[in-house]
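Participant: So here's input.txt (compact mmCIF, N, CA, C and O atoms and all ligand atoms).
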# COMPACT_ATOMS: atom_id res chain seq x y z
N LEU H 927 61.24 35.03 -44.37
CA LEU H 927 60.30 36.13 -44.44
C LEU H 927 59.13 35.77 -45.34
O LEU H 927 59.25 34.92 -46.22
N TYR H 928 58.00 36.43 -45.12
CA TYR H 928 56.87 36.23 -46.02
C TYR H 928 56.16 37.58 -46.19
O TYR H 928 56.36 38.51 -45.41
N ILE H 929 55.35 37.66 -47.23
CA ILE H 929 54.62 38.89 -47.54
C ILE H 929 53.14 38.66 -47.24
O ILE H 929 52.55 37.68 -47.70
N ASP H 930 52.55 39.55 -46.44
CA ASP H 930 51.16 39.34 -46.03
C ASP H 930 50.17 39.97 -47.02
O ASP H 930 50.54 40.58 -48.02
N ASP H 931 48.89 39.82 -46.70
CA ASP H 931 47.83 40.22 -47.63
C ASP H 931 47.65 41.74 -47.73
O ASP H 931 46.84 42.21 -48.53
N GLU H 932 48.39 42.51 -46.93
CA GLU H 932 48.32 43.97 -47.06
C GLU H 932 49.12 44.45 -48.28
O GLU H 932 49.03 45.62 -48.68
N CYS H 933 49.89 43.55 -48.86
CA CYS H 933 50.73 43.88 -50.03
C CYS H 933 49.87 44.40 -51.18
O CYS H 933 48.85 43.81 -51.52
N ILE H 934 50.33 45.52 -51.77
CA ILE H 934 49.60 46.11 -52.91
C ILE H 934 50.29 45.79 -54.24
O ILE H 934 49.97 46.38 -55.27
N SER H 935 51.24 44.85 -54.19
CA SER H 935 51.93 44.41 -55.41
C SER H 935 52.58 45.56 -56.16
O SER H 935 52.60 45.58 -57.39
N CYS H 936 53.15 46.50 -55.41
CA CYS H 936 53.83 47.63 -56.08
C CYS H 936 55.12 47.17 -56.74
O CYS H 936 55.62 47.81 -57.66
N GLY H 937 55.69 46.06 -56.22
CA GLY H 937 56.91 45.52 -56.83
C GLY H 937 58.18 46.20 -56.39
O GLY H 937 59.26 45.87 -56.90
N ALA H 938 58.11 47.12 -55.43
CA ALA H 938 59.31 47.85 -55.01
C ALA H 938 60.39 46.91 -54.48
O ALA H 938 61.59 47.17 -54.64
N CYS H 939 59.99 45.82 -53.86
CA CYS H 939 60.95 44.90 -53.25
C CYS H 939 61.65 44.00 -54.26
O CYS H 939 62.76 43.53 -54.00
N VAL H 940 60.99 43.75 -55.39
CA VAL H 940 61.48 42.71 -56.30
C VAL H 940 62.92 42.96 -56.73
O VAL H 940 63.78 42.07 -56.66
N SER H 941 63.21 44.19 -57.14
CA SER H 941 64.54 44.48 -57.67
C SER H 941 65.58 44.64 -56.56
O SER H 941 66.78 44.70 -56.84
N GLU H 942 65.14 44.73 -55.31
CA GLU H 942 66.09 44.89 -54.20
C GLU H 942 66.73 43.57 -53.78
O GLU H 942 67.75 43.56 -53.11
N CYS H 943 66.12 42.46 -54.16
CA CYS H 943 66.54 41.17 -53.60
C CYS H 943 67.79 40.62 -54.28
O CYS H 943 67.79 40.39 -55.49
N PRO H 944 68.87 40.37 -53.50
CA PRO H 944 70.11 39.86 -54.09
C PRO H 944 70.02 38.40 -54.49
O PRO H 944 70.91 37.88 -55.16
N ASN H 945 68.94 37.74 -54.08
CA ASN H 945 68.79 36.31 -54.37
C ASN H 945 67.70 36.01 -55.39
O ASN H 945 67.40 34.84 -55.63
N THR H 946 67.09 37.06 -55.94
CA THR H 946 65.94 36.85 -56.83
C THR H 946 64.96 35.87 -56.18
O THR H 946 64.53 34.88 -56.77
N ALA H 947 64.60 36.21 -54.94
CA ALA H 947 63.67 35.37 -54.17
C ALA H 947 62.25 35.93 -54.19
O ALA H 947 61.34 35.31 -53.64
N ILE H 948 62.06 37.10 -54.82
CA ILE H 948 60.75 37.76 -54.79
C ILE H 948 60.19 37.81 -56.20
O ILE H 948 60.87 38.22 -57.15
N PHE H 949 58.93 37.40 -56.31
CA PHE H 949 58.28 37.30 -57.63
C PHE H 949 56.94 38.00 -57.60
O PHE H 949 56.29 38.13 -56.55
N ASP H 950 56.49 38.42 -58.79
CA ASP H 950 55.18 39.07 -58.90
C ASP H 950 54.07 38.04 -58.75
O ASP H 950 54.26 36.85 -59.01
N ALA H 951 52.91 38.54 -58.35
CA ALA H 951 51.73 37.69 -58.19
C ALA H 951 51.54 36.81 -59.43
O ALA H 951 51.68 37.28 -60.56
N ASP H 952 51.29 35.54 -59.15
CA ASP H 952 50.93 34.59 -60.21
C ASP H 952 52.08 34.28 -61.17
O ASP H 952 51.84 33.79 -62.27
N GLU H 953 53.30 34.57 -60.75
CA GLU H 953 54.46 34.32 -61.61
C GLU H 953 55.08 32.96 -61.27
O GLU H 953 55.25 32.63 -60.09
N LYS H 954 55.42 32.19 -62.31
CA LYS H 954 56.16 30.94 -62.06
C LYS H 954 57.59 31.30 -61.71
O LYS H 954 58.10 32.33 -62.13
N TRP H 955 58.25 30.44 -60.90
CA TRP H 955 59.60 30.77 -60.45
C TRP H 955 60.49 29.54 -60.50
O TRP H 955 60.01 28.40 -60.53
N THR H 956 61.81 29.80 -60.55
CA THR H 956 62.80 28.70 -60.53
C THR H 956 63.89 29.04 -59.52
O THR H 956 64.11 30.20 -59.18
N MET H 957 64.60 28.01 -59.08
CA MET H 957 65.76 28.22 -58.22
C MET H 957 66.89 28.87 -59.00
O MET H 957 67.67 29.65 -58.46
N ALA H 958 66.97 28.60 -60.30
CA ALA H 958 68.08 29.10 -61.12
C ALA H 958 68.01 30.61 -61.36
O ALA H 958 69.05 31.25 -61.52
N ASP H 959 66.81 31.15 -61.36
CA ASP H 959 66.63 32.59 -61.61
C ASP H 959 67.53 33.42 -60.69
O ASP H 959 67.34 33.43 -59.47
N GLY H 960 68.51 34.12 -61.24
CA GLY H 960 69.33 35.04 -60.45
C GLY H 960 70.31 34.37 -59.51
O GLY H 960 70.87 35.02 -58.64
N THR H 961 70.53 33.06 -59.68
CA THR H 961 71.51 32.36 -58.83
C THR H 961 72.47 31.59 -59.74
O THR H 961 72.31 31.59 -60.96
N SER H 962 73.44 30.89 -59.13
CA SER H 962 74.33 30.07 -59.96
C SER H 962 73.86 28.62 -60.00
O SER H 962 74.57 27.75 -60.51
N MET H 963 72.67 28.35 -59.49
CA MET H 963 72.13 26.98 -59.55
C MET H 963 71.65 26.68 -60.97
O MET H 963 71.29 27.59 -61.72
N ASP H 964 71.65 25.40 -61.33
CA ASP H 964 71.16 25.06 -62.67
C ASP H 964 69.81 24.33 -62.60
O ASP H 964 69.45 23.62 -63.53
N ASP H 965 69.09 24.53 -61.51
CA ASP H 965 67.76 23.93 -61.35
C ASP H 965 66.72 24.84 -62.00
O ASP H 965 66.27 25.82 -61.40
N ASN H 966 66.36 24.50 -63.23
CA ASN H 966 65.43 25.33 -64.00
C ASN H 966 63.98 24.84 -63.93
O ASN H 966 63.15 25.29 -64.71
N GLU H 967 63.71 23.93 -63.00
CA GLU H 967 62.33 23.44 -62.87
C GLU H 967 61.41 24.60 -62.49
O GLU H 967 61.68 25.35 -61.55
N GLU H 968 60.33 24.75 -63.24
CA GLU H 968 59.37 25.83 -62.97
C GLU H 968 58.40 25.42 -61.87
O GLU H 968 57.83 24.34 -61.93
N HIS H 969 58.24 26.30 -60.91
CA HIS H 969 57.32 26.04 -59.79
C HIS H 969 56.11 26.96 -59.90
O HIS H 969 56.22 28.09 -60.40
N ASP H 970 54.99 26.47 -59.38
CA ASP H 970 53.77 27.29 -59.38
C ASP H 970 53.93 28.49 -58.46
O ASP H 970 54.69 28.43 -57.48
N PRO H 971 53.21 29.58 -58.75
CA PRO H 971 53.28 30.77 -57.87
C PRO H 971 52.86 30.43 -56.44
O PRO H 971 51.99 29.59 -56.24
N ILE H 972 53.49 31.08 -55.47
CA ILE H 972 53.10 30.89 -54.07
C ILE H 972 51.87 31.74 -53.76
O ILE H 972 51.08 31.39 -52.90
N SER H 973 51.70 32.85 -54.46
CA SER H 973 50.48 33.66 -54.32
C SER H 973 49.99 34.10 -55.70
O SER H 973 50.81 34.52 -56.53
N GLU H 974 48.71 33.99 -55.91
CA GLU H 974 48.13 34.51 -57.14
C GLU H 974 47.65 35.94 -56.95
O GLU H 974 47.27 36.60 -57.90
N ASP H 975 47.64 36.40 -55.70
CA ASP H 975 47.02 37.69 -55.38
C ASP H 975 48.01 38.84 -55.19
O ASP H 975 47.66 40.00 -55.37
N HIS H 976 49.22 38.52 -54.74
CA HIS H 976 50.19 39.59 -54.50
C HIS H 976 51.62 39.06 -54.62
O HIS H 976 51.84 37.83 -54.68
N THR H 977 52.57 39.99 -54.66
CA THR H 977 53.99 39.67 -54.69
C THR H 977 54.32 38.67 -53.58
O THR H 977 53.74 38.75 -52.49
N PHE H 978 55.23 37.73 -53.88
CA PHE H 978 55.54 36.71 -52.85
C PHE H 978 57.04 36.44 -52.77
O PHE H 978 57.79 36.72 -53.72
N ILE H 979 57.46 35.90 -51.62
CA ILE H 979 58.85 35.52 -51.39
C ILE H 979 58.95 34.00 -51.40
O ILE H 979 58.14 33.33 -50.76
N VAL H 980 59.95 33.48 -52.12
CA VAL H 980 60.25 32.05 -52.08
C VAL H 980 61.24 31.82 -50.94
O VAL H 980 62.41 32.24 -51.03
N ALA H 981 60.78 31.20 -49.86
CA ALA H 981 61.62 31.04 -48.67
C ALA H 981 62.89 30.25 -48.98
O ALA H 981 63.95 30.51 -48.40
N ALA H 982 62.81 29.32 -49.91
CA ALA H 982 63.98 28.50 -50.26
C ALA H 982 65.10 29.34 -50.87
O ALA H 982 66.25 28.88 -50.95
N LYS H 983 64.80 30.57 -51.31
CA LYS H 983 65.81 31.44 -51.90
C LYS H 983 66.15 32.64 -51.02
O LYS H 983 67.08 33.37 -51.34
N CYS H 984 65.41 32.86 -49.97
CA CYS H 984 65.62 34.03 -49.11
C CYS H 984 66.66 33.73 -48.03
O CYS H 984 66.51 32.78 -47.28
N THR H 985 67.70 34.54 -47.97
CA THR H 985 68.71 34.41 -46.92
C THR H 985 68.56 35.52 -45.88
O THR H 985 69.47 35.73 -45.08
N GLU H 986 67.42 36.21 -45.91
CA GLU H 986 67.23 37.41 -45.09
C GLU H 986 68.38 38.39 -45.35
O GLU H 986 68.78 39.15 -44.49
N CYS H 987 68.90 38.29 -46.58
CA CYS H 987 70.00 39.13 -47.07
C CYS H 987 71.35 38.81 -46.44
O CYS H 987 72.33 39.52 -46.71
N ASN H 988 71.43 37.73 -45.64
CA ASN H 988 72.74 37.32 -45.12
C ASN H 988 73.68 37.05 -46.28
O ASN H 988 73.30 36.45 -47.29
N GLY H 989 74.91 37.49 -46.14
CA GLY H 989 75.90 37.33 -47.19
C GLY H 989 75.97 38.52 -48.13
O GLY H 989 76.89 38.62 -48.95
N PHE H 990 75.01 39.43 -48.02
CA PHE H 990 74.98 40.61 -48.90
C PHE H 990 74.85 41.92 -48.11
O PHE H 990 75.58 42.86 -48.36
N PHE H 991 73.87 41.95 -47.21
CA PHE H 991 73.56 43.19 -46.49
C PHE H 991 73.30 42.87 -45.02
O PHE H 991 73.01 41.74 -44.65
N ASP H 992 73.38 43.91 -44.19
CA ASP H 992 73.14 43.74 -42.76
C ASP H 992 71.66 43.57 -42.43
O ASP H 992 71.32 42.98 -41.41
N GLU H 993 70.80 44.14 -43.28
CA GLU H 993 69.36 44.09 -43.02
C GLU H 993 68.63 43.60 -44.26
O GLU H 993 69.09 43.86 -45.38
N PRO H 994 67.48 42.97 -44.08
CA PRO H 994 66.68 42.58 -45.24
C PRO H 994 66.29 43.82 -46.06
O PRO H 994 65.64 44.73 -45.55
N GLN H 995 66.71 43.83 -47.31
CA GLN H 995 66.50 45.02 -48.15
C GLN H 995 65.03 45.22 -48.51
O GLN H 995 64.55 46.34 -48.63
N CYS H 996 64.31 44.14 -48.68
CA CYS H 996 62.90 44.25 -49.08
C CYS H 996 62.05 44.91 -48.00
O CYS H 996 61.14 45.69 -48.29
N VAL H 997 62.36 44.59 -46.74
CA VAL H 997 61.58 45.15 -45.62
C VAL H 997 61.68 46.68 -45.63
O VAL H 997 60.69 47.39 -45.42
N ASP H 998 62.88 47.17 -45.91
CA ASP H 998 63.13 48.62 -45.90
C ASP H 998 62.29 49.37 -46.93
O ASP H 998 61.89 50.50 -46.69
N VAL H 999 62.07 48.76 -48.09
CA VAL H 999 61.42 49.50 -49.18
C VAL H 999 59.91 49.28 -49.24
O VAL H 999 59.22 49.97 -49.99
N CYS H 1000 59.38 48.35 -48.45
CA CYS H 1000 57.95 48.04 -48.56
C CYS H 1000 57.09 49.17 -47.99
O CYS H 1000 57.19 49.50 -46.81
N PRO H 1001 56.24 49.80 -48.82
CA PRO H 1001 55.46 50.95 -48.36
C PRO H 1001 54.30 50.57 -47.44
O PRO H 1001 53.72 51.43 -46.79
N THR H 1002 53.95 49.30 -47.40
CA THR H 1002 52.81 48.89 -46.57
C THR H 1002 53.24 48.01 -45.38
O THR H 1002 52.39 47.43 -44.71
N ASP H 1003 54.55 47.93 -45.13
CA ASP H 1003 55.07 47.10 -44.03
C ASP H 1003 54.47 45.70 -44.05
O ASP H 1003 54.00 45.19 -43.02
N SER H 1004 54.52 45.09 -45.22
CA SER H 1004 53.87 43.79 -45.40
C SER H 1004 54.82 42.61 -45.30
O SER H 1004 54.39 41.47 -45.48
N ILE H 1005 56.11 42.85 -45.05
CA ILE H 1005 57.08 41.76 -45.06
C ILE H 1005 57.53 41.47 -43.62
O ILE H 1005 57.98 42.37 -42.91
N HIS H 1006 57.38 40.20 -43.22
CA HIS H 1006 57.57 39.83 -41.81
C HIS H 1006 58.35 38.52 -41.69
O HIS H 1006 58.30 37.69 -42.58
N PRO H 1007 58.99 38.33 -40.51
CA PRO H 1007 59.57 37.02 -40.22
C PRO H 1007 58.45 35.98 -40.17
O PRO H 1007 57.36 36.27 -39.68
N ASP H 1008 58.73 34.80 -40.67
CA ASP H 1008 57.74 33.72 -40.66
C ASP H 1008 57.95 32.88 -39.40
O ASP H 1008 58.96 32.18 -39.30
N PRO H 1009 57.01 32.93 -38.45
CA PRO H 1009 57.20 32.17 -37.20
C PRO H 1009 57.24 30.67 -37.43
O PRO H 1009 57.74 29.91 -36.59
N ASN H 1010 56.75 30.22 -38.57
CA ASN H 1010 56.75 28.78 -38.88
C ASN H 1010 58.00 28.35 -39.63
O ASN H 1010 58.14 27.19 -40.01
N ASN H 1011 58.91 29.30 -39.87
CA ASN H 1011 60.12 28.96 -40.63
C ASN H 1011 61.29 29.80 -40.14
O ASN H 1011 61.84 30.62 -40.87
N GLU H 1012 61.67 29.61 -38.85
CA GLU H 1012 62.79 30.36 -38.30
C GLU H 1012 64.09 29.67 -38.70
O GLU H 1012 64.22 28.46 -38.57
N GLU H 1013 65.06 30.46 -39.18
CA GLU H 1013 66.35 29.91 -39.62
C GLU H 1013 67.47 30.66 -38.92
O GLU H 1013 67.40 31.89 -38.78
N SER H 1014 68.52 29.91 -38.52
CA SER H 1014 69.66 30.54 -37.86
C SER H 1014 70.52 31.24 -38.90
O SER H 1014 70.41 30.98 -40.11
N LYS H 1015 71.41 32.11 -38.42
CA LYS H 1015 72.34 32.79 -39.33
C LYS H 1015 73.18 31.76 -40.09
O LYS H 1015 73.41 31.91 -41.29
N ASP H 1016 73.62 30.69 -39.41
CA ASP H 1016 74.41 29.66 -40.08
C ASP H 1016 73.62 28.99 -41.19
O ASP H 1016 74.14 28.72 -42.28
N GLU H 1017 72.35 28.71 -40.92
CA GLU H 1017 71.50 28.08 -41.95
C GLU H 1017 71.31 29.02 -43.14
O GLU H 1017 71.33 28.59 -44.30
N LEU H 1018 71.14 30.31 -42.84
CA LEU H 1018 70.93 31.28 -43.91
C LEU H 1018 72.20 31.46 -44.75
O LEU H 1018 72.14 31.57 -45.98
N MET H 1019 73.36 31.42 -44.09
CA MET H 1019 74.63 31.53 -44.84
C MET H 1019 74.87 30.28 -45.69
O MET H 1019 75.38 30.37 -46.81
N ALA H 1020 74.49 29.11 -45.16
CA ALA H 1020 74.63 27.87 -45.94
C ALA H 1020 73.73 27.95 -47.18
O ALA H 1020 74.10 27.50 -48.27
N LYS H 1021 72.56 28.55 -47.02
CA LYS H 1021 71.65 28.71 -48.15
C LYS H 1021 72.26 29.66 -49.19
O LYS H 1021 72.18 29.41 -50.39
N LYS H 1022 72.89 30.72 -48.72
CA LYS H 1022 73.52 31.67 -49.63
C LYS H 1022 74.59 30.97 -50.47
O LYS H 1022 74.70 31.19 -51.69
N ILE H 1023 75.39 30.11 -49.83
CA ILE H 1023 76.45 29.38 -50.55
C ILE H 1023 75.83 28.39 -51.54
O ILE H 1023 76.29 28.24 -52.67
N LYS H 1024 74.73 27.75 -51.14
CA LYS H 1024 74.03 26.83 -52.05
C LYS H 1024 73.53 27.58 -53.29
O LYS H 1024 73.62 27.10 -54.42
N LEU H 1025 73.06 28.80 -53.09
CA LEU H 1025 72.50 29.57 -54.20
C LEU H 1025 73.57 30.13 -55.12
O LEU H 1025 73.39 30.18 -56.34
N HIS H 1026 74.67 30.58 -54.53
CA HIS H 1026 75.64 31.37 -55.32
C HIS H 1026 77.05 30.81 -55.33
O HIS H 1026 77.93 31.40 -55.96
N GLY H 1027 77.31 29.74 -54.58
CA GLY H 1027 78.68 29.25 -54.44
C GLY H 1027 79.38 30.03 -53.35
O GLY H 1027 78.79 30.90 -52.70
N GLU H 1028 80.68 29.72 -53.16
CA GLU H 1028 81.44 30.34 -52.05
C GLU H 1028 81.58 31.85 -52.27
O GLU H 1028 81.77 32.29 -53.37
FE1 LIG X 1 65.47 38.89 -50.82
FE2 LIG X 1 66.75 39.88 -48.71
FE3 LIG X 1 64.07 40.15 -48.90
FE4 LIG X 1 65.13 37.72 -48.47
S1 LIG X 1 65.25 39.51 -47.07
S2 LIG X 1 63.50 38.23 -49.95
S3 LIG X 1 67.07 37.81 -49.61
S4 LIG X 1 65.61 41.10 -50.23
Please re-express this file's structure in structure tokens.

Facilitator:
Amino acid sequence: LYIDDECISCGACVSECPNTAIFDADEKWTMADGTSMDDNEEHDPISEDHTFIVAAKCTECNGFFDEPQCVDVCPTDSIHPDPNNEESKDELMAKKIKLHGE
């Protein structure tokens, strides 16, 4: 999933994410944040203008919920599937295990 430019950075989605995959505009992020990974390397923000999703941490909520939680709470309908990064359910579940263990 990705967040488009209609995002008003309200932050409603940030706390909904079970993978800590959503960050505020211009925020540095790590894989370790909110996961059991020990990769604390800081990465540059994906967007300086609005809230963003780190695809490497997003499981589309597989392993936690039936539906992506962020999409439900977004008041501007700014969160969409990324046509350039389609992942199967198996791939998303493998990512969930990588992030949090079995
Ligand atoms: Fe987080 Fe779920 Fe939204 Fe992905 S779909 S960013 S895992 S809340």

Participant: Write out as a CSV table (one decimal) with N, CA, C and O atoms, in the coordinates of the input all residues of chain H that backbone DSSP assigns to alpha helix (DSSP H).

Facilitator:
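The resulting file, part-v8.csv, is reproduced below:
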chain,number,residue,atom,x,y,z
H,995,GLN,N,66.7,43.8,-47.3
H,995,GLN,CA,66.5,45.0,-48.2
H,995,GLN,C,65.0,45.2,-48.5
H,995,GLN,O,64.6,46.3,-48.6
H,996,CYS,N,64.3,44.1,-48.7
H,996,CYS,CA,62.9,44.2,-49.1
H,996,CYS,C,62.0,44.9,-48.0
H,996,CYS,O,61.1,45.7,-48.3
H,997,VAL,N,62.4,44.6,-46.7
H,997,VAL,CA,61.6,45.2,-45.6
H,997,VAL,C,61.7,46.7,-45.6
H,997,VAL,O,60.7,47.4,-45.4
H,998,ASP,N,62.9,47.2,-45.9
H,998,ASP,CA,63.1,48.6,-45.9
H,998,ASP,C,62.3,49.4,-46.9
H,998,ASP,O,61.9,50.5,-46.7
H,999,VAL,N,62.1,48.8,-48.1
H,999,VAL,CA,61.4,49.5,-49.2
H,999,VAL,C,59.9,49.3,-49.2
H,999,VAL,O,59.2,50.0,-50.0
H,1015,LYS,N,71.4,32.1,-38.4
H,1015,LYS,CA,72.3,32.8,-39.3
H,1015,LYS,C,73.2,31.8,-40.1
H,1015,LYS,O,73.4,31.9,-41.3
H,1016,ASP,N,73.6,30.7,-39.4
H,1016,ASP,CA,74.4,29.7,-40.1
H,1016,ASP,C,73.6,29.0,-41.2
H,1016,ASP,O,74.1,28.7,-42.3
H,1017,GLU,N,72.4,28.7,-40.9
H,1017,GLU,CA,71.5,28.1,-42.0
H,1017,GLU,C,71.3,29.0,-43.1
H,1017,GLU,O,71.3,28.6,-44.3
H,1018,LEU,N,71.1,30.3,-42.8
H,1018,LEU,CA,70.9,31.3,-43.9
H,1018,LEU,C,72.2,31.5,-44.8
H,1018,LEU,O,72.1,31.6,-46.0
H,1019,MET,N,73.4,31.4,-44.1
H,1019,MET,CA,74.6,31.5,-44.8
H,1019,MET,C,74.9,30.3,-45.7
H,1019,MET,O,75.4,30.4,-46.8
H,1020,ALA,N,74.5,29.1,-45.2
H,1020,ALA,CA,74.6,27.9,-45.9
H,1020,ALA,C,73.7,28.0,-47.2
H,1020,ALA,O,74.1,27.5,-48.3
H,1021,LYS,N,72.6,28.6,-47.0
H,1021,LYS,CA,71.6,28.7,-48.2
H,1021,LYS,C,72.3,29.7,-49.2
H,1021,LYS,O,72.2,29.4,-50.4
H,1022,LYS,N,72.9,30.7,-48.7
H,1022,LYS,CA,73.5,31.7,-49.6
H,1022,LYS,C,74.6,31.0,-50.5
H,1022,LYS,O,74.7,31.2,-51.7
H,1023,ILE,N,75.4,30.1,-49.8
H,1023,ILE,CA,76.4,29.4,-50.6
H,1023,ILE,C,75.8,28.4,-51.5
H,1023,ILE,O,76.3,28.2,-52.7
H,1024,LYS,N,74.7,27.8,-51.1
H,1024,LYS,CA,74.0,26.8,-52.0
H,1024,LYS,C,73.5,27.6,-53.3
H,1024,LYS,O,73.6,27.1,-54.4
H,1025,LEU,N,73.1,28.8,-53.1
H,1025,LEU,CA,72.5,29.6,-54.2
H,1025,LEU,C,73.6,30.1,-55.1
H,1025,LEU,O,73.4,30.2,-56.3
H,1026,HIS,N,74.7,30.6,-54.5
H,1026,HIS,CA,75.6,31.4,-55.3
H,1026,HIS,C,77.0,30.8,-55.3
H,1026,HIS,O,77.9,31.4,-56.0

Participant: Find the spatial neighbours of range 982-999 of chain H, counting only N, CA, C and O atoms, within a cut-off of 5 Å - ignore same-chain residues fewer than 5 positions away - and output them as a short mmCIF file (atom, residue, chain, number, x, y, z; two decimals) with N, CA, C and O atoms, in the coordinates of the input.

Facilitator:
data_model
loop_
_atom_site.label_atom_id
_atom_site.label_comp_id
_atom_site.auth_asym_id
_atom_site.auth_seq_id
_atom_site.Cartn_x
_atom_site.Cartn_y
_atom_site.Cartn_z
N CYS H 939 59.99 45.82 -53.86
CA CYS H 939 60.95 44.90 -53.25
C CYS H 939 61.65 44.00 -54.26
O CYS H 939 62.76 43.53 -54.00
N ASN H 945 68.94 37.74 -54.08
CA ASN H 945 68.79 36.31 -54.37
C ASN H 945 67.70 36.01 -55.39
O ASN H 945 67.40 34.84 -55.63
N ALA H 947 64.60 36.21 -54.94
CA ALA H 947 63.67 35.37 -54.17
C ALA H 947 62.25 35.93 -54.19
O ALA H 947 61.34 35.31 -53.64
N LEU H 1018 71.14 30.31 -42.84
CA LEU H 1018 70.93 31.28 -43.91
C LEU H 1018 72.20 31.46 -44.75
O LEU H 1018 72.14 31.57 -45.98
#

Participant: Quote the spacing between atom C of Ile948 in chain H and CA of Ile979 in chain H in Å to one decimal place.

Facilitator: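 Value for the atom C of Ile948 in chain H-CA of Ile979 in chain H distance: 5.5 Å.
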
Participant: Pick out the residues sitting within 9 Å of Glu1012 in chain H, and hand them over as JSON, numbers by chain; count only C-alpha atoms, and ignore anything fewer than 4 positions along from it in its own chain.

Facilitator: {"H": [927, 1007, 1008]}

Participant: Let me make sure I understand: among H:Pro1001, H:Lys954, H:Thr961, H:Asp975, which one has the smallest atom-to-atom distance to Ala938 in chain H if we use only N, CA, C and O atoms?

Facilitator: H:Pro1001

Participant: Nearest residue to Glu967 in chain H out of H:Trp955, H:Ile1005, H:Cys943, H:Cys933, using all atoms listed in the file?

Facilitator: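 Closest to Glu967 in chain H of all the choices is H:Trp955.
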
Participant: Quick one: distance from atom O of Ala958 in chain H to atom C of Pro1009 in chain H in Å, one decimal?

Facilitator: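 Between these atoms lies a distance of 26.8 Å.
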
Participant: In Å to one decimal, how far is atom C of Phe949 in chain H from CA of Glu974 in chain H?

Facilitator: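 So the answer is 9.5 Å.
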
Participant: Mind listing the strand (DSSP E) residues of chain H, per DSSP on the backbone, as a ChimeraX atom specification?

Facilitator: /H:928-929,948-949,978-979,1005-1006

Participant: List as a list in words the protein and nucleic acid residues near His976 in chain H, meaning an atom at most 8 Å away when only C-alpha atoms are counted, but skip any in the same chain fewer than 2 places from it.

Facilitator: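 So the residues in contact are Asp931, Cys933, Ile934, Ser935, Asp950, Ala951, Asp952, Ser973, Glu974 and Phe978 of chain H.
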
Participant: Can you work out which one of H:Gly937, H:Val980, H:Glu1017, H:Glu953 has the shortest atom-to-atom distance to ligand LIG 1 (chain X), counting all atoms listed in the file?

Facilitator: H:Val980

Participant: Restricting the calculation to all atoms listed in the file, which member of H:Asp965, H:Ile972, H:Tyr928, H:Ala1020 is positioned closest to ligand LIG 1 (chain X)?

Facilitator: H:Tyr928

Participant: Taking only C-alpha atoms and all ligand atoms into account, which of H:Asp1003, H:Lys1022, H:Ser962, H:Gly1027 comes nearest ligand LIG 1 (chain X)?

Facilitator: H:Lys1022

Participant: Using all atoms listed in the file, pick whichever of H:Asn966, H:Asn1010, H:Thr977, H:Thr946 has the shortest atom-to-atom distance to ligand LIG 1 (chain X).

Facilitator: H:Thr946

Participant: Each side padded by 4 Å, which centre and which edge lengths in Å (one decimal) define the axis-aligned box around the listed atoms of range 1005-1023 of chain H? Give them as JSON.

Facilitator:
{"center_x": 66.3, "center_y": 35.0, "center_z": -44.6, "size_x": 28.3, "size_y": 23.7, "size_z": 24.1}
